[in-house]
>>> print(open('work.cif').read())   # mmCIF, C-alpha atoms and all ligand atoms
data_model
loop_
_atom_site.label_atom_id
_atom_site.label_comp_id
_atom_site.auth_asym_id
_atom_site.auth_seq_id
_atom_site.Cartn_x
_atom_site.Cartn_y
_atom_site.Cartn_z
CA MET A 1 -28.33 130.64 -61.45
CA THR A 2 -29.15 127.56 -59.42
CA ALA A 3 -29.19 123.94 -60.47
CA SER A 4 -32.94 123.54 -59.97
CA SER A 5 -34.12 126.55 -62.06
CA ARG A 6 -35.36 126.08 -65.60
CA TYR A 7 -34.16 128.82 -67.93
CA ARG A 8 -34.88 129.93 -71.47
CA ILE A 9 -31.45 129.77 -73.04
CA ALA A 10 -30.43 130.84 -76.55
CA VAL A 11 -27.31 129.35 -78.11
CA ALA A 12 -25.87 131.39 -80.98
CA GLY A 13 -23.80 129.13 -83.25
CA ALA A 14 -24.42 125.43 -83.86
CA GLY A 15 -20.78 124.41 -84.35
CA LEU A 16 -18.89 122.32 -81.84
CA LEU A 17 -19.37 124.31 -78.64
CA GLY A 18 -22.92 125.38 -79.49
CA ARG A 19 -24.15 121.82 -80.05
CA LEU A 20 -22.39 120.39 -77.01
CA LEU A 21 -23.72 123.09 -74.73
CA ALA A 22 -27.26 122.96 -76.16
CA TRP A 23 -27.32 119.18 -75.63
CA GLN A 24 -26.05 119.38 -72.05
CA LEU A 25 -28.38 122.23 -71.12
CA LEU A 26 -31.41 120.37 -72.48
CA ARG A 27 -30.39 117.39 -70.38
CA ASP A 28 -30.27 119.73 -67.37
CA GLY A 29 -33.93 120.57 -68.11
CA HIS A 30 -33.55 124.04 -69.65
CA ALA A 31 -35.52 125.26 -72.69
CA VAL A 32 -32.91 125.75 -75.42
CA THR A 33 -33.15 127.59 -78.74
CA LEU A 34 -30.23 127.05 -81.12
CA TYR A 35 -29.41 129.41 -84.03
CA ASP A 36 -26.92 129.00 -86.83
CA ALA A 37 -26.09 131.30 -89.71
CA GLY A 38 -25.82 128.30 -92.04
CA ASP A 39 -27.21 124.86 -92.69
CA LEU A 40 -27.44 122.51 -89.72
CA ASP A 41 -26.75 119.27 -91.63
CA THR A 42 -23.58 120.54 -93.32
CA PRO A 43 -22.72 123.55 -91.16
CA PRO A 44 -20.21 126.18 -92.28
CA ALA A 45 -18.43 125.54 -88.96
CA ALA A 46 -14.75 124.90 -88.31
CA ALA A 47 -16.09 121.82 -86.52
CA TRP A 48 -17.31 120.42 -89.85
CA ALA A 49 -14.02 121.14 -91.62
CA ALA A 50 -11.92 119.66 -88.81
CA ALA A 51 -10.10 116.36 -88.79
CA GLY A 52 -11.41 115.40 -85.35
CA MET A 53 -8.08 114.49 -83.77
CA VAL A 54 -7.91 114.48 -79.98
CA ALA A 55 -4.16 114.76 -79.67
CA PRO A 56 -3.00 116.25 -76.37
CA LEU A 57 0.66 115.33 -76.84
CA ALA A 58 1.15 116.38 -80.45
CA GLU A 59 -0.84 119.59 -79.93
CA THR A 60 1.11 120.58 -76.82
CA VAL A 61 4.21 120.80 -78.99
CA VAL A 62 2.57 123.71 -80.80
CA GLY A 63 0.44 124.95 -77.88
CA GLU A 64 0.57 125.82 -74.20
CA ARG A 65 1.07 123.37 -71.32
CA CYS A 66 -2.56 123.88 -70.26
CA VAL A 67 -3.61 122.43 -73.65
CA TYR A 68 -2.15 119.13 -72.46
CA ALA A 69 -4.05 119.28 -69.15
CA MET A 70 -7.35 120.14 -70.87
CA GLY A 71 -6.69 117.48 -73.48
CA ARG A 72 -6.49 114.82 -70.80
CA VAL A 73 -10.02 115.78 -69.76
CA ALA A 74 -11.09 115.25 -73.38
CA LEU A 75 -9.70 111.70 -73.39
CA GLU A 76 -12.06 110.87 -70.50
CA ARG A 77 -15.08 112.91 -71.49
CA TRP A 78 -15.46 112.03 -75.18
CA PRO A 79 -15.94 108.27 -74.76
CA GLN A 80 -18.44 108.98 -71.97
CA TRP A 81 -20.40 111.50 -74.07
CA LEU A 82 -20.37 109.28 -77.15
CA THR A 83 -21.75 106.40 -75.10
CA GLU A 84 -24.51 108.70 -73.82
CA LEU A 85 -25.22 109.62 -77.46
CA ALA A 86 -25.46 105.89 -78.26
CA ALA A 87 -22.53 106.30 -80.65
CA PRO A 88 -19.44 104.82 -78.92
CA GLN A 89 -18.21 103.62 -82.33
CA LEU A 90 -17.35 107.21 -83.29
CA TRP A 91 -14.47 107.21 -80.78
CA HIS A 92 -11.15 105.66 -81.83
CA GLN A 93 -8.34 105.49 -79.31
CA GLN A 94 -5.64 103.63 -81.19
CA GLY A 95 -3.01 106.32 -80.65
CA SER A 96 -1.34 108.36 -83.35
CA LEU A 97 1.84 107.82 -85.31
CA VAL A 98 4.46 110.44 -86.20
CA VAL A 99 6.88 109.64 -89.03
CA ALA A 100 9.47 111.38 -91.21
CA HIS A 101 11.17 110.30 -94.39
CA PRO A 102 14.83 109.24 -93.95
CA GLN A 103 16.12 112.60 -95.27
CA ASP A 104 13.91 114.48 -92.75
CA GLU A 105 14.59 112.41 -89.65
CA ASN A 106 16.09 115.42 -87.87
CA GLU A 107 12.52 116.85 -87.91
CA LEU A 108 11.36 113.81 -85.99
CA THR A 109 14.22 114.17 -83.51
CA GLN A 110 13.29 117.82 -83.01
CA PHE A 111 9.61 116.92 -82.54
CA ARG A 112 10.62 114.41 -79.88
CA ARG A 113 12.73 117.04 -78.06
CA ASP A 114 9.87 119.55 -78.26
CA LEU A 115 7.53 116.92 -76.87
CA ASP A 116 9.84 116.22 -73.91
CA ASP A 117 10.13 119.97 -73.22
CA ALA A 118 6.40 120.58 -73.58
CA ILE A 119 5.35 117.73 -71.31
CA GLY A 120 8.24 118.34 -68.92
CA GLU A 121 9.33 114.72 -68.83
CA PRO A 122 10.27 112.09 -71.40
CA GLY A 123 7.53 109.57 -72.07
CA GLY A 124 4.03 109.37 -73.38
CA TYR A 125 5.39 107.99 -76.61
CA ARG A 126 7.27 104.97 -77.88
CA ALA A 127 10.13 105.27 -80.39
CA LEU A 128 9.69 102.84 -83.28
CA ASP A 129 12.07 101.36 -85.84
CA ALA A 130 11.04 100.41 -89.39
CA ALA A 131 9.53 97.11 -88.23
CA GLY A 132 7.61 98.89 -85.49
CA VAL A 133 6.13 101.39 -87.98
CA GLN A 134 5.17 98.55 -90.33
CA ALA A 135 3.62 96.52 -87.53
CA LEU A 136 1.36 99.43 -86.60
CA GLU A 137 0.52 100.62 -90.10
CA PRO A 138 1.36 98.04 -92.78
CA GLY A 139 0.15 100.49 -95.44
CA LEU A 140 3.11 102.81 -94.87
CA THR A 141 6.41 102.11 -96.59
CA GLY A 142 9.97 103.45 -96.42
CA PHE A 143 9.99 104.83 -92.87
CA ARG A 144 12.98 103.88 -90.71
CA GLN A 145 11.73 105.61 -87.57
CA GLY A 146 8.54 106.76 -85.97
CA LEU A 147 6.97 107.81 -82.69
CA PHE A 148 3.84 106.17 -81.37
CA LEU A 149 1.69 108.37 -79.12
CA ALA A 150 -0.44 105.60 -77.64
CA ALA A 151 -2.94 107.67 -75.64
CA GLU A 152 -4.10 109.86 -78.51
CA ALA A 153 -7.43 109.44 -80.22
CA HIS A 154 -9.66 110.70 -83.00
CA LEU A 155 -13.39 110.83 -83.50
CA ASP A 156 -15.71 110.83 -86.48
CA ASN A 157 -16.55 114.47 -86.13
CA ARG A 158 -19.15 114.91 -88.86
CA GLU A 159 -21.12 111.93 -87.58
CA LEU A 160 -20.78 113.34 -84.06
CA LEU A 161 -22.26 116.70 -85.15
CA GLY A 162 -25.21 114.84 -86.68
CA ARG A 163 -25.74 112.82 -83.49
CA LEU A 164 -25.67 115.94 -81.37
CA LEU A 165 -28.26 117.64 -83.56
CA ALA A 166 -30.52 114.57 -83.40
CA ALA A 167 -30.19 114.46 -79.60
CA ILE A 168 -30.95 118.19 -79.33
CA ARG A 169 -34.11 117.73 -81.40
CA GLU A 170 -35.17 114.63 -79.45
CA LEU A 171 -34.86 116.59 -76.21
CA GLY A 172 -37.13 119.31 -77.58
CA GLY A 173 -34.52 121.90 -78.55
CA GLU A 174 -35.76 124.55 -80.98
CA CYS A 175 -33.34 124.75 -83.93
CA HIS A 176 -33.06 127.56 -86.47
CA ALA A 177 -30.90 127.16 -89.59
CA HIS A 178 -29.88 130.02 -91.92
CA ALA A 179 -30.47 132.40 -89.03
CA PRO A 180 -27.53 134.75 -88.50
CA VAL A 181 -27.93 136.43 -85.12
CA GLU A 182 -26.49 139.11 -82.90
CA ALA A 183 -25.90 137.77 -79.41
CA ARG A 184 -26.58 140.32 -76.64
CA PRO A 185 -27.10 140.07 -72.88
CA GLY A 186 -30.51 138.42 -72.46
CA GLU A 187 -31.43 138.95 -76.10
CA ILE A 188 -31.01 137.48 -79.57
CA GLU A 189 -31.48 139.68 -82.61
CA THR A 190 -32.35 138.09 -85.97
CA ASP A 191 -33.64 139.53 -89.24
CA ALA A 192 -37.12 138.82 -87.85
CA GLY A 193 -36.58 140.96 -84.73
CA ARG A 194 -35.50 140.59 -81.09
CA ARG A 195 -36.28 137.82 -78.66
CA ALA A 196 -35.64 137.83 -74.92
CA PHE A 197 -33.95 134.95 -73.07
CA ASP A 198 -32.79 134.40 -69.51
CA LEU A 199 -29.34 133.63 -70.85
CA VAL A 200 -27.59 133.85 -74.22
CA LEU A 201 -24.53 131.74 -75.05
CA ASP A 202 -22.34 133.14 -77.79
CA CYS A 203 -20.69 130.14 -79.51
CA ARG A 204 -20.29 131.68 -82.95
CA GLY A 205 -16.61 130.89 -83.37
CA HIS A 206 -15.06 133.31 -85.84
CA GLY A 207 -18.57 134.75 -86.42
CA ALA A 208 -18.33 136.42 -82.99
CA ARG A 209 -15.58 138.70 -84.20
CA PRO A 210 -17.77 141.85 -84.03
CA ARG A 211 -17.96 141.30 -80.25
CA HIS A 212 -14.29 140.41 -79.88
CA PRO A 213 -11.97 142.70 -81.83
CA THR A 214 -8.99 140.56 -80.77
CA LEU A 215 -10.44 137.36 -82.22
CA ARG A 216 -8.88 136.30 -85.52
CA GLY A 217 -9.43 133.52 -88.02
CA VAL A 218 -6.58 131.21 -89.00
CA ARG A 219 -7.21 129.67 -92.38
CA GLY A 220 -7.00 125.90 -92.60
CA GLU A 221 -7.21 123.96 -95.88
CA THR A 222 -7.85 120.24 -96.21
CA LEU A 223 -8.35 117.57 -98.81
CA HIS A 224 -10.87 114.78 -98.35
CA VAL A 225 -10.09 111.71 -100.43
CA HIS A 226 -11.51 108.25 -100.86
CA THR A 227 -9.60 105.06 -101.56
CA ASP A 228 -9.97 101.38 -100.77
CA GLU A 229 -6.28 100.80 -101.57
CA VAL A 230 -4.91 102.08 -98.25
CA ALA A 231 -6.01 101.29 -94.73
CA LEU A 232 -4.88 103.28 -91.70
CA SER A 233 -5.92 102.52 -88.14
CA ARG A 234 -4.96 105.86 -86.65
CA PRO A 235 -3.98 109.45 -87.55
CA VAL A 236 -0.51 109.70 -89.07
CA ARG A 237 1.56 112.88 -88.95
CA LEU A 238 4.36 113.41 -91.43
CA MET A 239 7.19 115.69 -90.28
CA HIS A 240 8.64 117.72 -93.11
CA PRO A 241 10.88 120.82 -93.14
CA ARG A 242 8.39 122.97 -95.08
CA TYR A 243 5.00 121.62 -94.19
CA GLN A 244 3.55 119.14 -91.79
CA LEU A 245 0.80 116.89 -92.90
CA TYR A 246 -1.63 114.67 -91.11
CA VAL A 247 -3.88 111.99 -92.50
CA VAL A 248 -6.90 110.95 -90.46
CA PRO A 249 -8.93 107.87 -91.42
CA LYS A 250 -12.70 108.34 -91.56
CA PRO A 251 -15.56 105.87 -92.08
CA GLY A 252 -16.07 104.35 -95.54
CA GLY A 253 -12.53 104.61 -96.93
CA ARG A 254 -12.45 108.41 -96.54
CA PHE A 255 -9.33 110.25 -95.36
CA VAL A 256 -8.91 113.86 -94.26
CA ILE A 257 -5.54 115.34 -95.18
CA GLY A 258 -4.57 118.57 -93.58
CA ALA A 259 -4.06 121.09 -92.82
CA THR A 260 -2.50 124.35 -93.76
CA SER A 261 -2.30 127.05 -91.09
CA ILE A 262 -2.30 130.47 -92.67
CA GLU A 263 -2.71 133.81 -90.89
CA SER A 264 -5.53 134.93 -93.13
CA GLU A 265 -9.30 135.30 -92.86
CA ASP A 266 -9.76 134.50 -96.53
CA ARG A 267 -12.44 131.83 -96.95
CA SER A 268 -11.96 131.47 -100.71
CA PRO A 269 -11.23 127.99 -102.12
CA ILE A 270 -7.98 126.14 -101.48
CA SER A 271 -4.92 127.46 -103.35
CA LEU A 272 -3.27 125.38 -106.02
CA GLN A 273 -0.04 125.38 -104.01
CA SER A 274 -1.70 124.06 -100.85
CA SER A 275 -3.56 121.46 -102.84
CA LEU A 276 -0.34 120.27 -104.53
CA GLU A 277 1.62 120.18 -101.28
CA LEU A 278 -1.02 118.20 -99.41
CA ALA A 279 -1.53 115.78 -102.28
CA SER A 280 2.16 115.20 -103.02
CA ALA A 281 3.02 114.73 -99.34
CA LEU A 282 0.16 112.24 -99.14
CA THR A 283 1.53 110.12 -101.97
CA THR A 284 4.93 110.02 -100.26
CA LEU A 285 3.25 108.39 -97.25
CA SER A 286 2.07 105.63 -99.50
CA PRO A 287 2.15 105.56 -103.32
CA ALA A 288 -1.20 103.73 -103.14
CA PHE A 289 -2.82 107.09 -102.36
CA ALA A 290 -2.05 108.22 -105.94
CA GLU A 291 -5.28 106.66 -107.23
CA ALA A 292 -7.42 108.09 -104.44
CA ARG A 293 -10.34 110.23 -105.56
CA ILE A 294 -10.60 113.79 -104.28
CA LEU A 295 -14.03 114.19 -102.70
CA GLU A 296 -13.73 117.63 -101.25
CA GLN A 297 -11.35 120.52 -100.76
CA GLY A 298 -12.17 122.20 -97.47
CA VAL A 299 -11.42 125.68 -96.19
CA ASN A 300 -12.42 127.13 -92.85
CA LEU A 301 -11.20 129.52 -90.14
CA ARG A 302 -9.97 128.44 -86.73
CA PRO A 303 -11.16 131.00 -84.17
CA ALA A 304 -8.16 132.25 -82.14
CA PHE A 305 -7.39 134.96 -79.61
CA ARG A 306 -3.94 136.52 -79.49
CA ASP A 307 -2.68 134.00 -76.93
CA ASN A 308 -4.19 131.10 -78.95
CA LEU A 309 -6.04 129.97 -75.81
CA PRO A 310 -9.77 129.56 -75.23
CA HIS A 311 -11.60 132.17 -73.13
CA VAL A 312 -15.01 132.28 -71.51
CA THR A 313 -16.43 135.77 -71.04
CA ARG A 314 -19.31 136.60 -68.70
CA GLU A 315 -21.76 139.48 -68.57
CA ASP A 316 -25.19 139.49 -66.96
CA GLY A 317 -27.35 137.39 -69.32
CA LEU A 318 -24.53 136.52 -71.74
CA ILE A 319 -21.72 133.97 -71.72
CA GLY A 320 -19.27 133.79 -74.61
CA ALA A 321 -17.00 130.79 -75.22
CA ASN A 322 -14.46 131.07 -77.99
CA GLY A 323 -10.84 130.86 -79.13
CA LEU A 324 -10.55 127.07 -79.45
CA PHE A 325 -8.13 127.63 -82.33
CA ARG A 326 -6.69 124.40 -83.75
CA HIS A 327 -7.68 122.28 -80.77
CA GLY A 328 -11.49 122.46 -80.67
CA TYR A 329 -12.16 118.75 -80.14
CA LEU A 330 -9.30 118.61 -77.68
CA LEU A 331 -10.39 121.57 -75.57
CA ALA A 332 -14.19 121.58 -75.91
CA PRO A 333 -14.83 119.14 -73.00
CA ALA A 334 -12.90 121.36 -70.56
CA VAL A 335 -14.60 124.51 -71.89
CA VAL A 336 -18.05 122.89 -71.73
CA ASP A 337 -17.42 121.68 -68.15
CA HIS A 338 -16.43 125.22 -67.21
CA VAL A 339 -19.48 126.90 -68.81
CA LEU A 340 -21.87 124.34 -67.31
CA ALA A 341 -20.36 124.86 -63.84
CA GLU A 342 -20.90 128.60 -64.30
CA ILE A 343 -24.56 128.13 -65.32
CA ARG A 344 -25.21 125.58 -62.57
CA GLY A 345 -23.71 127.97 -60.04
CA GLU A 346 -21.07 125.47 -58.95
CA GLY A 347 -18.20 126.92 -56.93
CA GLN A 348 -15.50 124.83 -58.62
CA ARG A 349 -15.02 125.91 -62.24
CA PRO A 350 -12.53 123.73 -64.11
CA PHE A 351 -9.53 125.55 -65.59
CA ALA A 352 -10.84 128.88 -64.28
CA ALA A 353 -7.34 130.42 -64.23
CA VAL A 354 -7.03 130.04 -68.01
CA LEU A 355 -10.62 130.19 -69.22
CA SER A 356 -11.87 133.07 -67.08
CA ALA A 357 -8.78 135.20 -67.72
CA ALA A 358 -9.46 138.09 -70.09
CA ALA A 359 -8.26 137.47 -73.62
CA PRO A 360 -5.19 139.62 -74.38
CA GLN A 361 -6.21 142.93 -75.92
CA GLU A 362 -4.98 144.40 -79.17
CA SER A 363 -2.01 146.66 -78.58
CA LEU A 364 -2.99 150.33 -78.85
CA SER A 365 0.37 151.33 -80.27
C1 LIG B 401 -9.00 122.59 -91.21
C2 LIG B 401 -9.25 122.45 -89.74
C3 LIG B 401 -8.87 121.29 -89.08
C4 LIG B 401 -9.09 121.16 -87.70
N1 LIG B 401 -8.75 119.98 -87.11
C5 LIG B 401 -8.93 119.84 -85.77
C6 LIG B 401 -8.60 118.62 -85.12
O1 LIG B 401 -8.20 117.64 -85.76
N2 LIG B 401 -8.76 118.54 -83.77
C7 LIG B 401 -9.22 119.59 -83.03
O2 LIG B 401 -9.30 119.46 -81.80
N3 LIG B 401 -9.57 120.76 -83.62
C8 LIG B 401 -9.44 120.91 -84.96
N4 LIG B 401 -9.80 122.07 -85.58
C9 LIG B 401 -10.30 123.20 -84.75
C10 LIG B 401 -11.78 123.10 -84.44
O3 LIG B 401 -12.51 122.79 -85.59
C11 LIG B 401 -12.27 124.43 -83.86
O4 LIG B 401 -11.44 124.82 -82.78
C12 LIG B 401 -13.70 124.32 -83.33
O5 LIG B 401 -14.57 123.88 -84.36
C13 LIG B 401 -14.21 125.65 -82.79
O6 LIG B 401 -15.51 125.41 -82.28
P1 LIG B 401 -16.57 126.57 -82.16
O7 LIG B 401 -17.83 125.93 -81.75
O8 LIG B 401 -16.02 127.68 -81.32
O9 LIG B 401 -16.69 127.20 -83.66
P2 LIG B 401 -17.27 126.52 -84.96
O10 LIG B 401 -17.13 125.06 -84.92
O11 LIG B 401 -16.66 127.26 -86.11
O12 LIG B 401 -18.84 126.88 -84.92
C14 LIG B 401 -19.29 128.20 -84.99
C15 LIG B 401 -20.72 128.17 -85.57
O13 LIG B 401 -21.28 129.49 -85.42
C16 LIG B 401 -22.01 129.79 -86.58
N5 LIG B 401 -22.13 131.26 -86.70
C17 LIG B 401 -21.18 132.15 -87.04
N6 LIG B 401 -21.69 133.40 -87.03
C18 LIG B 401 -22.98 133.29 -86.68
C19 LIG B 401 -24.04 134.22 -86.50
N7 LIG B 401 -23.86 135.55 -86.63
N8 LIG B 401 -25.26 133.75 -86.13
C20 LIG B 401 -25.48 132.41 -85.96
N9 LIG B 401 -24.50 131.49 -86.14
C21 LIG B 401 -23.29 131.93 -86.48
C22 LIG B 401 -21.21 129.16 -87.71
O14 LIG B 401 -22.02 128.96 -88.86
C23 LIG B 401 -20.74 127.87 -87.06
O15 LIG B 401 -21.66 126.80 -87.32
C24 LIG B 401 -9.65 122.23 -86.96
C25 LIG B 401 -10.06 123.38 -87.63
C26 LIG B 401 -9.87 123.50 -89.01
C27 LIG B 401 -10.34 124.76 -89.71
#
>>> encode(input="work.cif", output="C-alpha cells", more="lines below")
Ligand SMILES: Cc1cc2nc3c(=O)[nH]c(=O)nc-3n(C[C@H](O)[C@H](O)[C@H](O)COP(=O)(O)OP(=O)(O)OC[C@H]3O[C@@H](n4cnc5c(N)ncnc54)[C@H](O)[C@@H]3O)c2cc1C
Amino acid sequence: MTASSRYRIAVAGAGLLGRLLAWQLLRDGHAVTLYDAGDLDTPPAAAWAAAGMVAPLAETVVGERCVYAMGRVALERWPQWLTELAAPQLWHQQGSLVVAHPQDENELTQFRRDLDDAIGEPGGYRALDAAGVQALEPGLTGFRQGLFLAAEAHLDNRELLGRLLAAIRELGGECHAHAPVEARPGEIETDAGRRAFDLVLDCRGHGARPRHPTLRGVRGETLHVHTDEVALSRPVRLMHPRYQLYVVPKPGGRFVIGATSIESEDRSPISLQSSLELASALTTLSPAFAEARILEQGVNLRPAFRDNLPHVTREDGLIGANGLFRHGYLLAPAVVDHVLAEIRGEGQRPFAAVLSAAAPQESLS
C-alpha cells in the first residue's frame, strides 16, 4: 500500500486499538468502517474496564524490558494525540506513588530492587520518607516510606474512548454497534452477510481468540467508587504480600481500584473475596475511603499471548494487532505507529523485532 492511495478499510473491534487506528486511518484519508460486538458508548472492551495508567517503570517490573521502551513512546504520543483530539485535559502526568505499610516495607524494598534490575540502572524514581509521602499526597496517612515515579502518567480513559468515537464520526467513519464480526482477509462477515474491503484490521482483543488459539484472557476485577472525602493527584500503588492494589483518581471524585489478575476467562461478576480484598486494602490507604460509595464492580479480560507481549500479524488483506495484556494504554501508541507504518508502506516499522515476531505457539506435547 502507498501513502497516497485511498482504501476501504474495516476495523473489527472498537476498543482501544480499533478506535485509535480508525481515527488515524480516517485522518490519512481512508474510508473506514468500524464494527463492535457491543455498545459503542459503554463498550464491553478491556479498554473501558481499564484504569488508564501509563506506567512504564512500574509495569516493567512485571513485564519485559521492551515494555519500558514502548512505554516511553506512549509518554510522548498521548499528550500529542489528546491535543489533536482537543482534550489535553484528559492527560495527567503527575507521576505515580508506590507505598507500603510499615509491616510490609520489605515489599517496597523488593519492588525497588526489581525496578533497578528491570531498567538496568538505578534511577527514574525518588525515595520518599513520611514527610515526602505526605507532601505529595496529604490524603494518605501512616506511610513511613514511598517511591515517587515522576515520569509516569494516567489518562481519563473512558472520556478518551468517547472523544475518539466522536472524532471518528466527525471524519465520516461508518460505525456499527452490536455487530459481532468475523475478520477475514479482505472481508468482514456479519449476521447480515459478507462485505469486501481492501484491508481488514482485526482489533477484537480477546474476541479474536478463534483466530489465535494461543491468545488467552486474564481476568481483571475492579471497584469504582465515589467520594469527596479523599483527594489524590496521581495513581497510588500499595505493595502488599498477598495482593497489590492501585487507586487511580478519575474526574468527579471517582476512583478506580484494581485490579486482580487471575488466569481465567470467566467474565462473571466480581467474587466476594476480590471485592473484600480491594475494599479493605483501599481503606488502609486512607480510612476516609470507608464512606465512599461503590459505583461499579468491573470485570474484563486482558488479551494476552503466551509471552505476554503484543504481536502484529500480517496476511494479504488482513492485519491483526493483539496481546496488549495489562499494558494497553502503555503499549498502544507503539503498536499503532507500527501498524500505520505497515499500511503506509514505510520502510521503518517501530519495534518490528518484537511486534512482527510470531506469537509463541501452544506446545503440542
Ligand atoms: C481491569 C483492567 C485494568 C487495566 N488497566 C490498565 C491500565 O491501567 N493501563 C494499561 O495500559 N492497560 C490496562 N489494562 C489493559 C488494557 O485495557 C488492554 O490491554 C487494552 O484494552 C487492549 O486493547 P484492545 O483494543 O486490544 O482490546 P479491547 O480494549 O478489549 O477491545 C476489543 C473490542 O473488540 C470488540 N469485539 C470482540 N469480539 C468482537 C467481534 N467478534 N466482533 C466485533 N467486535 C468484537 C469488543 O467488544 C471490544 O470493544 C487493563 C485491563 C483490565 C481488564
>>> residues_around(input="work.cif", residues="range 215-219 of chain A", least_positions_apart="2", cutoff="10 Å", atoms="all atoms listed in the file", output="PyMOL selection string")
chain A and resi 46+205-213+221+259-268+270+299-308+322-323+325-326+359-362
>>> axis_aligned_box(input="work.cif", around="range 234-245 of chain A", padding_each_side="4 Å", output="JSON")
{"center_x": 3.0, "center_y": 114.4, "center_z": -90.9, "size_x": 23.8, "size_y": 25.1, "size_z": 16.4}
>>> residues_near_point(input="work.cif", point="(-5.7, 108.4, -82.6)", cutoff="8 Å", atoms="all atoms listed in the file", output="PDB file with C-alpha atoms, in the coordinates of the input")
ATOM      1  CA  MET A  53      -8.080 114.490 -83.770  1.00  0.00           C
ATOM      2  CA  VAL A  54      -7.910 114.480 -79.980  1.00  0.00           C
ATOM      3  CA  ALA A  55      -4.160 114.760 -79.670  1.00  0.00           C
ATOM      4  CA  HIS A  92     -11.150 105.660 -81.830  1.00  0.00           C
ATOM      5  CA  GLN A  93      -8.340 105.490 -79.310  1.00  0.00           C
ATOM      6  CA  GLN A  94      -5.640 103.630 -81.190  1.00  0.00           C
ATOM      7  CA  GLY A  95      -3.010 106.320 -80.650  1.00  0.00           C
ATOM      8  CA  SER A  96      -1.340 108.360 -83.350  1.00  0.00           C
ATOM      9  CA  ALA A 150      -0.440 105.600 -77.640  1.00  0.00           C
ATOM     10  CA  ALA A 151      -2.940 107.670 -75.640  1.00  0.00           C
ATOM     11  CA  GLU A 152      -4.100 109.860 -78.510  1.00  0.00           C
ATOM     12  CA  ALA A 153      -7.430 109.440 -80.220  1.00  0.00           C
ATOM     13  CA  HIS A 154      -9.660 110.700 -83.000  1.00  0.00           C
ATOM     14  CA  ARG A 234      -4.960 105.860 -86.650  1.00  0.00           C
ATOM     15  CA  PRO A 235      -3.980 109.450 -87.550  1.00  0.00           C
TER      16      PRO A 235
END
>>> residues_around(input="work.cif", residues="range 169-177 of chain A", least_positions_apart="3", cutoff="10 Å", atoms="all atoms listed in the file", output="ChimeraX atom specification")
/A:10-14,22-23,25-27,29-41,43,163-166,180
>>> closest_residue(input="work.cif", among="A:Leu201, A:Leu324, A:Ala332, A:Leu128", to="Leu108 in chain A", atoms="all atoms listed in the file")
A:Leu128
>>> residues_around(input="work.cif", residues="Leu160 in chain A", least_positions_apart="6", cutoff="12 Å", atoms="all atoms listed in the file", output="ChimeraX atom specification")
/A:15-16,19-20,41,47-48,50,52,78-79,81-91,154,166-167,329
>>> residues_near_point(input="work.cif", point="(-27.9, 141.5, -64.8)", cutoff="10 Å", atoms="all atoms listed in the file", output="tab-separated table (two decimals) with C-alpha atoms, keeping the file's coordinate frame")
chain	number	residue	atom	x	y	z
A	185	PRO	CA	-27.10	140.07	-72.88
A	186	GLY	CA	-30.51	138.42	-72.46
A	198	ASP	CA	-32.79	134.40	-69.51
A	315	GLU	CA	-21.76	139.48	-68.57
A	316	ASP	CA	-25.19	139.49	-66.96
A	317	GLY	CA	-27.35	137.39	-69.32
A	318	LEU	CA	-24.53	136.52	-71.74
>>> residues_around(input="work.cif", residues="range 282-293 of chain A", least_positions_apart="5", cutoff="8 Å", atoms="only C-alpha atoms", output="PyMOL selection string")
chain A and resi 139-141+225-227+229-230+238+245+247+257
